[in-house]
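Participant: So here's work.tsv (TSV, C-alpha atoms).
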chain	number	residue	atom	x	y	z
S	818	MET	CA	52.35	-67.92	26.17
S	819	CYS	CA	52.68	-64.30	27.13
S	820	ARG	CA	56.30	-63.34	27.38
S	821	ILE	CA	55.69	-60.23	29.40
S	822	GLY	CA	53.40	-61.87	31.94
S	823	PHE	CA	52.03	-59.30	34.29
S	824	ARG	CA	51.93	-56.47	31.78
S	825	CYS	CA	49.76	-58.63	29.57
S	826	ILE	CA	47.21	-59.44	32.25
S	827	LYS	CA	46.78	-55.84	33.19
S	828	MET	CA	46.59	-54.87	29.54
S	829	ALA	CA	43.85	-57.37	28.69
S	830	LEU	CA	41.69	-56.17	31.58
S	831	ARG	CA	42.45	-52.53	30.88
S	832	GLU	CA	41.55	-52.82	27.22
S	833	LEU	CA	38.27	-54.49	28.14
S	834	SER	CA	37.35	-51.60	30.38
S	835	SER	CA	38.45	-49.13	27.68
S	836	LEU	CA	36.20	-51.00	25.25
S	837	GLU	CA	33.31	-50.78	27.74
S	838	ARG	CA	33.79	-47.02	27.94
S	839	PHE	CA	33.92	-46.69	24.14
S	840	LEU	CA	30.72	-48.74	23.84
S	841	GLY	CA	29.05	-46.55	26.44
S	842	LEU	CA	28.24	-49.47	28.75
S	843	LYS	CA	27.15	-47.85	31.98
S	844	LYS	CA	27.74	-50.65	34.47
S	845	PRO	CA	31.34	-51.81	34.53
S	846	ASN	CA	31.68	-55.61	34.44
S	847	LYS	CA	33.62	-57.73	36.87
S	848	TYR	CA	36.61	-59.58	35.48
S	849	SER	CA	39.08	-62.09	36.79
S	850	THR	CA	41.78	-64.17	35.12
S	851	GLN	CA	42.24	-67.89	34.69
S	852	GLY	CA	45.08	-70.36	34.22
S	853	GLY	CA	48.79	-69.94	33.62
S	854	LYS	CA	48.17	-67.69	30.66
S	855	LYS	CA	45.92	-65.41	32.76
S	856	VAL	CA	43.10	-65.41	30.27
S	857	PRO	CA	40.39	-62.82	31.11
S	858	VAL	CA	37.13	-64.18	32.54
S	859	LEU	CA	33.84	-62.27	32.65
S	860	GLN	CA	31.61	-63.27	35.57
S	861	ASN	CA	28.04	-63.35	34.42
S	862	ASN	CA	25.09	-63.25	36.82
S	863	ASN	CA	22.61	-64.95	34.52
S	864	GLY	CA	24.79	-67.59	32.95
S	865	PRO	CA	28.14	-69.29	32.87
S	866	ALA	CA	31.30	-67.18	32.92
S	867	LEU	CA	32.76	-66.13	29.58
S	868	ILE	CA	36.44	-66.87	28.94
S	869	GLY	CA	38.83	-65.24	26.47
S	870	LEU	CA	39.55	-61.72	25.24
S	871	VAL	CA	37.91	-62.08	21.82
S	872	THR	CA	34.86	-63.87	23.22
S	873	ILE	CA	34.30	-61.26	25.93
S	874	ALA	CA	34.92	-58.31	23.57
S	875	SER	CA	32.40	-59.70	21.04
S	876	HIS	CA	29.91	-60.23	23.86
S	877	LEU	CA	30.29	-56.61	25.02
S	878	VAL	CA	29.66	-55.38	21.47
S	879	HIS	CA	26.36	-57.32	21.43
S	880	GLU	CA	25.46	-56.09	24.89
S	881	ALA	CA	25.93	-52.50	23.67
S	882	LYS	CA	23.74	-53.29	20.64
S	883	ARG	CA	26.49	-52.36	18.19
S	884	PRO	CA	26.56	-55.55	16.03
S	885	GLU	CA	27.92	-53.56	13.07
S	886	LEU	CA	31.26	-53.47	14.93
S	887	LEU	CA	31.49	-57.21	14.28
S	888	GLY	CA	30.76	-56.71	10.56
S	889	ASN	CA	27.64	-56.07	8.50
S	890	SER	CA	27.80	-59.13	6.29
S	891	ALA	CA	28.95	-62.73	6.71
S	892	GLU	CA	32.12	-61.88	4.76
S	893	GLN	CA	32.89	-58.90	6.95
S	894	ARG	CA	32.14	-60.87	10.11
S	895	ALA	CA	34.59	-63.56	9.02
S	896	ILE	CA	37.30	-61.02	8.27
S	897	VAL	CA	36.75	-59.29	11.61
S	898	GLN	CA	36.92	-62.64	13.41
S	899	GLN	CA	40.07	-63.56	11.52
S	900	TRP	CA	41.88	-60.41	12.68
S	901	LEU	CA	40.66	-60.85	16.24
S	902	GLU	CA	42.09	-64.36	16.21
S	903	HIS	CA	45.30	-63.04	14.64
S	904	ARG	CA	45.60	-60.62	17.54
S	905	VAL	CA	45.41	-63.30	20.25
S	906	THR	CA	47.32	-66.07	18.46
S	907	ARG	CA	50.10	-64.26	16.56
S	908	LEU	CA	50.50	-60.76	17.95
S	909	ASP	CA	50.23	-61.69	21.63
S	910	ASN	CA	52.82	-64.46	21.36
S	911	CYS	CA	55.34	-63.05	19.01
S	912	SER	CA	59.11	-62.94	19.40
S	913	LYS	CA	61.15	-59.90	18.36
S	914	GLU	CA	61.91	-61.49	14.99
S	915	GLU	CA	58.27	-62.36	14.37
S	916	VAL	CA	57.25	-58.75	15.00
S	917	LYS	CA	58.94	-57.81	11.74
S	918	VAL	CA	57.03	-60.42	9.77
S	919	ILE	CA	53.75	-59.39	11.37
S	920	LEU	CA	54.35	-55.71	10.61
S	921	LYS	CA	55.43	-56.44	7.05
S	922	GLU	CA	52.35	-58.56	6.36
S	923	LEU	CA	49.99	-56.11	8.01
S	924	ASN	CA	51.58	-53.27	6.06
S	925	GLN	CA	50.97	-55.01	2.78
S	926	TYR	CA	47.44	-55.97	3.76
S	927	LEU	CA	46.58	-52.35	4.62
S	928	GLU	CA	47.99	-51.00	1.36
S	929	ASP	CA	44.52	-50.58	-0.19
S	930	LYS	CA	42.40	-50.42	2.97
S	931	VAL	CA	41.34	-47.78	5.45
S	932	TYR	CA	40.40	-50.28	8.15
S	933	LEU	CA	41.10	-53.98	8.67
S	934	ALA	CA	37.68	-54.97	7.34
S	935	GLY	CA	37.94	-52.55	4.40
S	936	ASN	CA	36.00	-49.33	4.56
S	937	VAL	CA	34.27	-49.80	7.91
S	938	PHE	CA	35.62	-49.42	11.40
S	939	THR	CA	35.20	-52.60	13.47
S	940	LEU	CA	36.19	-54.34	16.69
S	941	ALA	CA	39.18	-55.79	14.79
S	942	ASP	CA	40.66	-52.27	14.52
S	943	ILE	CA	40.11	-51.65	18.22
S	944	LEU	CA	41.72	-54.85	19.51
S	945	MET	CA	44.55	-54.83	16.97
S	946	TYR	CA	45.27	-51.22	17.98
S	947	TYR	CA	45.33	-52.13	21.68
S	948	GLY	CA	47.51	-55.17	21.00
S	949	ILE	CA	50.02	-53.50	18.69
S	950	HIS	CA	50.39	-50.25	20.64
S	951	HIS	CA	53.43	-51.42	22.64
S	952	ILE	CA	55.15	-52.37	19.36
S	953	VAL	CA	54.40	-49.15	17.46
S	954	VAL	CA	55.49	-47.06	20.46
S	955	GLU	CA	58.98	-48.54	20.13
S	956	LEU	CA	59.39	-48.07	16.37
S	957	ALA	CA	62.10	-45.68	15.21
S	958	VAL	CA	61.17	-43.01	12.68
S	959	GLN	CA	62.72	-45.03	9.83
S	960	GLU	CA	60.70	-48.09	10.82
S	961	LYS	CA	57.50	-46.09	10.95
S	962	GLU	CA	58.24	-45.07	7.38
S	963	LEU	CA	59.04	-48.63	6.39
S	964	TYR	CA	55.61	-49.70	7.68
S	965	LEU	CA	53.86	-46.63	6.36
S	966	ASN	CA	50.41	-48.21	5.92
S	967	VAL	CA	50.47	-49.64	9.44
S	968	THR	CA	51.46	-46.24	10.83
S	969	ARG	CA	48.73	-44.47	8.87
S	970	TRP	CA	46.11	-46.98	10.06
S	971	PHE	CA	47.41	-46.78	13.65
S	972	ASP	CA	47.24	-42.99	13.67
S	973	HIS	CA	43.74	-43.12	12.25
S	974	ILE	CA	42.57	-45.48	15.01
S	975	GLN	CA	44.24	-43.61	17.88
S	976	HIS	CA	42.36	-40.48	16.75
S	977	TYR	CA	39.05	-42.31	16.40
S	978	PRO	CA	36.72	-40.78	19.03
S	979	GLY	CA	36.73	-42.68	22.33
S	980	ILE	CA	39.27	-45.37	21.46
S	981	ARG	CA	42.62	-44.37	22.91
S	982	ASN	CA	41.52	-44.20	26.57
S	983	HIS	CA	44.24	-45.90	28.65
S	984	LEU	CA	47.03	-45.61	26.08
S	985	PRO	CA	49.45	-42.74	25.48
S	986	PRO	CA	49.35	-41.18	21.99
S	987	VAL	CA	52.13	-42.11	19.57
S	988	VAL	CA	53.62	-39.33	17.49
S	989	VAL	CA	53.34	-40.03	13.79
S	990	LEU	CA	54.99	-37.74	11.29
S	991	ARG	CA	52.79	-36.86	8.36
S	992	ASN	CA	55.77	-36.08	6.14
S	993	ARG	CA	58.64	-38.38	5.35
S	994	VAL	CA	61.96	-37.54	6.97
S	995	TYR	CA	63.91	-40.08	4.95
S	996	PRO	CA	63.74	-40.47	1.16
S	997	SER	CA	61.38	-43.27	0.15
S	998	SER	CA	63.99	-45.40	-1.59
S	999	HIS	CA	65.85	-47.68	0.81
S	1000	HIS	CA	69.59	-47.85	0.35
N	108	MET	CA	34.20	-69.09	-4.03
N	109	LYS	CA	37.21	-71.38	-3.86
N	110	LEU	CA	38.80	-73.40	-1.08
N	111	TYR	CA	42.53	-74.08	-1.36
N	112	ILE	CA	43.75	-77.10	0.56
N	113	SER	CA	46.93	-79.13	0.71
N	114	GLU	CA	47.30	-82.81	1.48
N	115	GLY	CA	48.78	-83.76	4.81
N	116	ASN	CA	47.93	-80.38	6.37
N	117	PRO	CA	45.91	-81.03	9.54
N	118	HIS	CA	44.23	-77.58	9.41
N	119	CYS	CA	42.49	-78.59	6.19
N	120	ILE	CA	40.44	-81.34	7.89
N	121	LYS	CA	38.15	-78.86	9.65
N	122	ALA	CA	37.59	-76.71	6.56
N	123	LEU	CA	36.68	-79.72	4.41
N	124	ALA	CA	34.38	-81.17	7.09
N	125	ALA	CA	32.63	-77.81	7.61
N	126	LEU	CA	32.16	-77.41	3.86
N	127	GLU	CA	30.55	-80.84	3.57
N	128	LEU	CA	28.41	-80.43	6.72
N	129	THR	CA	27.02	-77.05	5.69
N	130	GLY	CA	26.53	-78.10	2.08
N	131	VAL	CA	27.92	-74.80	0.80
N	132	LYS	CA	28.82	-74.90	-2.89
N	133	CYS	CA	32.47	-74.20	-3.39
N	134	GLU	CA	35.25	-75.17	-5.76
N	135	ILE	CA	38.20	-77.01	-4.15
N	136	GLU	CA	41.75	-76.70	-5.40
N	137	VAL	CA	44.62	-78.79	-4.05
N	138	ILE	CA	47.86	-76.82	-3.79
N	139	SER	CA	51.39	-77.83	-2.80
N	140	HIS	CA	53.02	-76.94	0.51
N	141	GLU	CA	55.08	-74.28	-1.27
N	142	GLU	CA	52.30	-72.46	-3.07
N	143	LYS	CA	51.35	-68.98	-1.88
N	144	VAL	CA	47.77	-67.85	-2.46
N	145	VAL	CA	47.33	-64.98	0.00
N	146	PRO	CA	49.05	-61.90	-1.43
N	147	HIS	CA	50.04	-60.26	1.86
N	148	ILE	CA	51.31	-63.37	3.69
N	149	THR	CA	55.01	-64.04	3.16
N	150	HIS	CA	54.93	-67.83	3.74
N	151	PRO	CA	52.60	-70.42	2.19
N	152	VAL	CA	49.40	-71.12	4.19
N	153	SER	CA	46.38	-73.36	3.78
N	154	PRO	CA	43.48	-73.79	3.96
N	155	VAL	CA	42.53	-70.52	2.33
N	156	LEU	CA	39.03	-69.50	1.29
N	157	LEU	CA	38.75	-67.06	-1.58
N	158	LEU	CA	35.58	-65.08	-0.87
N	159	PRO	CA	33.17	-63.79	-3.53
N	160	SER	CA	34.52	-60.26	-2.83
N	161	GLY	CA	38.04	-61.36	-3.77
N	162	GLN	CA	39.31	-61.24	-0.17
N	163	HIS	CA	41.04	-64.24	1.37
N	164	LEU	CA	40.26	-65.98	4.64
N	165	PHE	CA	43.47	-67.56	5.92
N	166	SER	CA	42.36	-68.67	9.38
N	167	PRO	CA	40.90	-72.22	9.38
N	168	ASN	CA	38.49	-71.34	12.19
N	169	SER	CA	37.24	-68.20	10.44
N	170	ILE	CA	36.68	-70.26	7.28
N	171	CYS	CA	34.55	-72.75	9.26
N	172	GLN	CA	32.66	-69.96	11.05
N	173	TYR	CA	31.98	-68.23	7.73
N	174	LEU	CA	30.55	-71.42	6.18
N	175	TYR	CA	28.24	-71.87	9.19
N	176	ASP	CA	27.29	-68.18	9.16
N	177	ILE	CA	26.13	-68.22	5.52
N	178	SER	CA	24.21	-71.42	6.28
N	179	GLY	CA	22.12	-69.64	8.90
N	180	GLN	CA	24.12	-70.57	11.99
N	181	PRO	CA	25.79	-67.36	13.18
N	182	ALA	CA	28.41	-67.28	15.93
N	183	THR	CA	27.27	-67.29	19.56
N	184	ASP	CA	29.15	-66.59	22.79
N	185	ALA	CA	29.49	-70.34	23.26
N	186	THR	CA	30.88	-71.09	19.78
N	187	ASN	CA	33.18	-68.05	19.97
N	188	GLN	CA	34.57	-69.26	23.27
N	189	TRP	CA	35.34	-72.76	21.97
N	190	LEU	CA	36.94	-71.39	18.80
N	191	GLU	CA	39.09	-68.96	20.77
N	192	TRP	CA	40.16	-71.72	23.17
N	193	GLU	CA	40.98	-74.01	20.27
N	194	ALA	CA	43.13	-71.35	18.55
N	195	THR	CA	44.96	-70.07	21.63
N	196	ASN	CA	45.26	-73.15	23.87
N	197	LEU	CA	44.50	-76.40	22.09
N	198	GLN	CA	46.20	-75.75	18.73
N	199	PRO	CA	49.72	-75.02	20.08
N	200	ALA	CA	49.55	-78.22	22.16
N	201	VAL	CA	48.22	-80.26	19.24
N	202	LEU	CA	51.04	-79.11	16.95
N	203	GLN	CA	53.66	-79.84	19.60
N	204	SER	CA	52.14	-83.25	20.23
N	205	LEU	CA	51.85	-84.14	16.52
N	206	HIS	CA	55.44	-83.13	16.07
N	207	MET	CA	56.47	-85.59	18.80
N	208	VAL	CA	54.36	-88.41	17.39
N	209	ALA	CA	55.14	-88.06	13.69
N	210	LEU	CA	58.73	-86.82	13.70
N	211	GLN	CA	60.24	-88.09	16.94
N	212	GLY	CA	58.21	-91.18	17.76
N	213	LYS	CA	57.65	-89.92	21.31
N	214	ARG	CA	54.11	-91.12	21.93
N	215	VAL	CA	54.24	-90.98	25.72
N	216	GLU	CA	55.50	-87.40	25.76
N	217	ALA	CA	52.95	-86.45	23.10
N	218	ALA	CA	50.14	-87.76	25.28
N	219	ALA	CA	51.48	-85.83	28.28
N	220	VAL	CA	51.37	-82.57	26.31
N	221	MET	CA	47.66	-83.11	25.61
N	222	LYS	CA	46.62	-84.16	29.11
N	223	GLU	CA	45.70	-80.80	30.59
N	224	HIS	CA	43.66	-79.78	27.54
N	225	LEU	CA	41.82	-83.08	27.28
N	226	ASN	CA	41.00	-82.86	30.99
N	227	TRP	CA	39.56	-79.39	30.48
N	228	LEU	CA	37.41	-80.71	27.65
N	229	GLU	CA	36.28	-83.68	29.77
N	230	GLN	CA	35.40	-81.33	32.62
N	231	SER	CA	33.45	-79.00	30.34
N	232	LEU	CA	31.46	-81.91	28.92
N	233	SER	CA	30.69	-83.19	32.43
N	234	LYS	CA	29.14	-79.84	33.36
N	235	ARG	CA	26.50	-80.05	30.65
N	236	ASN	CA	24.06	-82.68	29.56
N	237	THR	CA	24.05	-82.15	25.83
N	238	ALA	CA	25.25	-84.50	23.10
N	239	PHE	CA	27.54	-81.85	21.63
N	240	LEU	CA	29.69	-79.01	22.95
N	241	THR	CA	27.15	-76.19	22.82
N	242	ALA	CA	23.77	-77.90	22.29
N	243	GLU	CA	21.95	-81.12	21.31
N	244	GLU	CA	22.88	-80.34	17.72
N	245	MET	CA	26.34	-80.06	16.28
N	246	SER	CA	27.78	-76.58	15.87
N	247	VAL	CA	30.91	-75.14	14.31
N	248	ALA	CA	32.64	-75.67	17.69
N	249	ASP	CA	32.28	-79.46	17.42
N	250	VAL	CA	33.73	-79.57	13.91
N	251	VAL	CA	36.69	-77.37	14.80
N	252	LEU	CA	37.61	-79.26	17.97
N	253	TRP	CA	36.98	-82.69	16.51
N	254	ALA	CA	39.20	-81.95	13.50
N	255	ALA	CA	41.97	-80.52	15.69
N	256	LEU	CA	42.02	-83.65	17.84
N	257	TYR	CA	41.44	-86.17	15.05
N	258	PRO	CA	45.06	-87.05	14.11
N	259	LEU	CA	45.89	-87.57	17.80
N	260	LEU	CA	42.79	-89.33	19.10
N	261	SER	CA	42.15	-91.54	16.08
N	262	ASP	CA	45.35	-93.58	16.15
N	263	ALA	CA	48.31	-91.91	17.83
N	264	GLY	CA	47.64	-93.59	21.15
N	265	VAL	CA	46.59	-90.41	22.99
N	266	GLU	CA	44.08	-91.35	25.69
N	267	ALA	CA	41.02	-89.27	26.48
N	268	GLY	CA	38.32	-89.50	29.15
N	269	GLU	CA	35.01	-91.29	28.65
N	270	LEU	CA	32.98	-88.17	27.83
N	271	VAL	CA	35.53	-86.86	25.34
N	272	ARG	CA	35.66	-90.26	23.64
N	273	GLY	CA	31.85	-90.42	23.42
N	274	TRP	CA	31.65	-86.92	21.94
N	275	PHE	CA	34.58	-87.59	19.58
N	276	GLN	CA	32.78	-90.67	18.22
N	277	ARG	CA	29.44	-88.89	17.80
N	278	VAL	CA	31.10	-86.28	15.57
N	279	GLY	CA	33.50	-88.64	13.81
N	280	VAL	CA	30.81	-91.10	12.74
N	281	LEU	CA	29.42	-88.54	10.27
N	282	SER	CA	30.45	-89.29	6.72
N	283	ALA	CA	31.37	-85.63	6.13
N	284	CYS	CA	33.98	-85.90	8.87
N	285	GLN	CA	35.30	-89.26	7.73
N	286	THR	CA	35.67	-88.05	4.15
N	287	ALA	CA	37.51	-84.90	5.26
N	288	ALA	CA	39.96	-86.89	7.38
N	289	GLN	CA	40.50	-89.40	4.58
N	290	THR	CA	41.13	-86.66	1.99
N	291	VAL	CA	43.84	-85.05	4.13
N	292	LEU	CA	45.42	-88.04	5.84
N	293	ARG	CA	44.94	-90.70	3.11
N	294	GLY	CA	44.45	-93.32	5.80
N	295	LYS	CA	48.02	-92.91	6.99
N	296	GLY	CA	47.22	-91.18	10.29
N	297	ALA	CA	49.70	-88.74	11.79
N	298	GLU	CA	52.39	-90.14	9.44
N	299	ALA	CA	50.72	-88.28	6.58
N	300	LEU	CA	51.48	-84.97	8.30
N	301	LYS	CA	55.29	-85.37	8.26
N	302	THR	CA	56.06	-82.97	5.41
N	303	PHE	CA	53.72	-80.34	6.80
N	304	LEU	CA	55.18	-80.64	10.29
N	305	GLN	CA	58.77	-80.46	9.06
N	306	LYS	CA	58.06	-77.29	7.10
N	307	HIS	CA	56.06	-75.82	9.95
N	308	THR	CA	58.86	-76.44	12.44
N	309	ALA	CA	61.51	-75.20	10.03
N	310	ALA	CA	59.63	-71.95	9.46
N	311	HIS	CA	59.26	-71.46	13.20
N	312	THR	CA	62.82	-72.24	14.21
N	313	GLN	CA	64.06	-70.07	11.41
N	314	ARG	CA	61.96	-67.18	12.54
N	315	ARG	CA	63.01	-67.61	16.14
N	316	ASP	CA	66.72	-68.09	15.49
N	317	SER	CA	67.38	-65.77	12.58
N	318	PRO	CA	69.59	-62.83	13.50
N	319	THR	CA	68.06	-59.39	13.09
N	320	ASN	CA	68.62	-58.36	9.53
Go ahead and express the file in the form of structure tokens.
Facilitator:
Amino acid sequence: MCRIGFRCIKMALRELSSLERFLGLKKPNKYSTQGGKKVPVLQNNNGPALIGLVTIASHLVHEAKRPELLGNSAEQRAIVQQWLEHRVTRLDNCSKEEVKVILKELNQYLEDKVYLAGNVFTLADILMYYGIHHIVVELAVQEKELYLNVTRWFDHIQHYPGIRNHLPPVVVLRNRVYPSSHH
Amino acid sequence: MKLYISEGNPHCIKALAALELTGVKCEIEVISHEEKVVPHITHPVSPVLLLPSGQHLFSPNSICQYLYDISGQPATDATNQWLEWEATNLQPAVLQSLHMVALQGKRVEAAAVMKEHLNWLEQSLSKRNTAFLTAEEMSVADVVLWAALYPLLSDAGVEAGELVRGWFQRVGVLSACQTAAQTVLRGKGAEALKTFLQKHTAAHTQRRDSPTN
């Protein structure tokens, strides 16, 4: 359940329209929301409505004929899907204490990777960036250094052409302010 | 490729069933509830699929989708939608309900938790005329939803509508599904999940209650 209710609804719809702009889809789609959790719904003229952020985002990627954003191989597709699911099941529900676990795990995962699926930029980077923005914005300088790989990845994605759209940029220092050993 | 599973973990039913149904060749290793196989995850999880590239899949649904993908059945809007619904809506309710059945003996309350979701499934099935969720043939969506509901619908006394029951039987009659359920539950039903559920709840309460440190 979304703890921050209204903000979440607006965010989900805003990130879908940001994604549309990034994908270069000319005709903006019509969205509504459904149920207590306000899940996004895409009204479709030639078929049943599509429900769910990940489902709709994946559909838009196909519509824009950019299947590589969902991964180029079965392995990559599975990893992309896994992070998309992680976004809507863990990140969107997490308590303050869980945020730390999520950041710690993501930080370790990104230790040897440029993007979430390895060396290629995918939809997983886009939706994780949109979903984690409100958390990274609040991090103190020390915390940004503690989660250095997350911060590096985040900065990379926010500078990726056409991604940031509705979100304010987050300042990331390229040089450490605090010594790397933690006392 | 290697699939790590642990006994009495309900998430493993879907991975085992999908493996058998797709016929993908894969080594299976049974691990304990304490064993950690994914380097970046701080607590033990299963099932985990170790991919040929050396990467780990730690989401049960992504494991199932991957097995179907390499067997020539890629994801569609319809399968994506069912998998997303299962992960975001159904799964939290299932875990809450299993917890009530296996640890607290509250069968009536457990059934109440499931009601809304089972109604949604019944409604969705009534809108289409196919034997399975997305088509006349089974897809990854059927395996994932069937396995999620199995411990509750098979013997925990949770009631479902006529269409859900019909669909649940059509999937469950397959030997791949029966074997998967038997491997994980050992014929003991929701009782077999006690250890898993206790650990799962402990991990969650701990995370929620622990002071910031």
Participant: Could you tell me which residues of chain N sit within 10 Å of chain S when counting only C-alpha atoms, and give me the result as a PyMOL selection string?
Facilitator: chain N and resi 145-150+158-160+162-179+181-192+194-196+198-199+311+313-320
Participant: Leaving out range 976-992 of chain S and any residue of its chain fewer than 4 positions from it, which residues lie within 7 Å of it when counting all atoms listed in the file, given as a list in words?
Facilitator: Ser835, Phe839, Val954 and Asp972 of chain S
Participant: Include C-alpha atoms and write out the residues we just selected as a compact mmCIF listing (two decimals), in the frame of the given file.
Facilitator:
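File written: selection24.txt
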# COMPACT_ATOMS: atom_id res chain seq x y z
CA SER S 835 38.45 -49.13 27.68
CA PHE S 839 33.92 -46.69 24.14
CA VAL S 954 55.49 -47.06 20.46
CA ASP S 972 47.24 -42.99 13.67
Participant: So how many Å separate CA of Pro857 in chain S and CA of Glu193 in chain N, to one decimal?
Facilitator: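 Calculated distance between CA of Pro857 in chain S and CA of Glu193 in chain N is 15.6 Å.
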Participant: Out of S:Leu933, S:Ile974, S:Leu859, S:Leu940, which residue has the shortest atom-to-atom distance to Pro884 in chain S when counting all atoms listed in the file?
Facilitator: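 Looking at the shortest contact to Pro884 in chain S, the residue is S:Leu940.
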Participant: Report the distance between CA of Ile943 in chain S and CA of Leu833 in chain S in Å, rounded to one decimal place.
Facilitator: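 Atom-to-atom, CA of Ile943 in chain S and CA of Leu833 in chain S are spaced 10.5 Å apart.
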Participant: Please, could all heavy atoms be added to range 188-194 of chain N and the result written as a JSON list (two decimals), in the coordinates of the input?
Facilitator:
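This went into result.json:
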[["chain", "number", "residue", "atom", "x", "y", "z"],
["N", 188, "GLN", "N", 33.68, -68.88, 22.17],
["N", 188, "GLN", "CA", 34.57, -69.26, 23.27],
["N", 188, "GLN", "C", 35.34, -70.55, 22.93],
["N", 188, "GLN", "O", 36.52, -70.65, 23.18],
["N", 188, "GLN", "CB", 33.77, -69.43, 24.55],
["N", 188, "GLN", "CG", 34.64, -69.76, 25.75],
["N", 188, "GLN", "CD", 33.92, -69.57, 27.05],
["N", 188, "GLN", "OE1", 33.32, -68.52, 27.29],
["N", 188, "GLN", "NE2", 33.94, -70.57, 27.90],
["N", 189, "TRP", "N", 34.65, -71.53, 22.35],
["N", 189, "TRP", "CA", 35.34, -72.76, 21.97],
["N", 189, "TRP", "C", 36.37, -72.50, 20.88],
["N", 189, "TRP", "O", 37.46, -73.05, 20.89],
["N", 189, "TRP", "CB", 34.34, -73.83, 21.51],
["N", 189, "TRP", "CG", 33.69, -74.56, 22.63],
["N", 189, "TRP", "CD1", 32.36, -74.59, 22.94],
["N", 189, "TRP", "CD2", 34.34, -75.36, 23.64],
["N", 189, "TRP", "NE1", 32.14, -75.36, 24.05],
["N", 189, "TRP", "CE2", 33.34, -75.85, 24.50],
["N", 189, "TRP", "CE3", 35.67, -75.72, 23.88],
["N", 189, "TRP", "CZ2", 33.62, -76.67, 25.59],
["N", 189, "TRP", "CZ3", 35.95, -76.53, 24.95],
["N", 189, "TRP", "CH2", 34.94, -77.01, 25.80],
["N", 190, "LEU", "N", 36.01, -71.67, 19.88],
["N", 190, "LEU", "CA", 36.94, -71.39, 18.80],
["N", 190, "LEU", "C", 38.17, -70.63, 19.29],
["N", 190, "LEU", "O", 39.29, -70.88, 18.85],
["N", 190, "LEU", "CB", 36.25, -70.61, 17.67],
["N", 190, "LEU", "CG", 35.74, -71.46, 16.49],
["N", 190, "LEU", "CD1", 34.86, -72.60, 16.93],
["N", 190, "LEU", "CD2", 35.03, -70.60, 15.45],
["N", 191, "GLU", "N", 37.95, -69.71, 20.23],
["N", 191, "GLU", "CA", 39.09, -68.96, 20.77],
["N", 191, "GLU", "C", 40.00, -69.89, 21.58],
["N", 191, "GLU", "O", 41.22, -69.84, 21.48],
["N", 191, "GLU", "CB", 38.62, -67.79, 21.65],
["N", 191, "GLU", "CG", 39.79, -66.94, 22.15],
["N", 191, "GLU", "CD", 39.37, -65.67, 22.88],
["N", 191, "GLU", "OE1", 38.17, -65.42, 23.05],
["N", 191, "GLU", "OE2", 40.28, -64.93, 23.31],
["N", 192, "TRP", "N", 39.37, -70.77, 22.38],
["N", 192, "TRP", "CA", 40.16, -71.72, 23.17],
["N", 192, "TRP", "C", 40.96, -72.66, 22.26],
["N", 192, "TRP", "O", 42.13, -72.94, 22.49],
["N", 192, "TRP", "CB", 39.23, -72.53, 24.09],
["N", 192, "TRP", "CG", 39.95, -73.53, 24.93],
["N", 192, "TRP", "CD1", 40.71, -73.27, 26.03],
["N", 192, "TRP", "CD2", 40.01, -74.95, 24.72],
["N", 192, "TRP", "NE1", 41.23, -74.45, 26.53],
["N", 192, "TRP", "CE2", 40.83, -75.50, 25.74],
["N", 192, "TRP", "CE3", 39.45, -75.82, 23.78],
["N", 192, "TRP", "CZ2", 41.08, -76.86, 25.85],
["N", 192, "TRP", "CZ3", 39.71, -77.18, 23.88],
["N", 192, "TRP", "CH2", 40.53, -77.70, 24.92],
["N", 193, "GLU", "N", 40.30, -73.10, 21.20],
["N", 193, "GLU", "CA", 40.98, -74.01, 20.27],
["N", 193, "GLU", "C", 42.20, -73.32, 19.65],
["N", 193, "GLU", "O", 43.27, -73.91, 19.55],
["N", 193, "GLU", "CB", 40.01, -74.44, 19.16],
["N", 193, "GLU", "CG", 40.47, -75.63, 18.34],
["N", 193, "GLU", "CD", 41.27, -75.27, 17.11],
["N", 193, "GLU", "OE1", 41.36, -74.08, 16.75],
["N", 193, "GLU", "OE2", 41.84, -76.18, 16.50],
["N", 194, "ALA", "N", 42.04, -72.06, 19.24],
["N", 194, "ALA", "CA", 43.13, -71.35, 18.55],
["N", 194, "ALA", "C", 44.27, -70.98, 19.50],
["N", 194, "ALA", "O", 45.44, -71.07, 19.14],
["N", 194, "ALA", "CB", 42.60, -70.10, 17.86]]
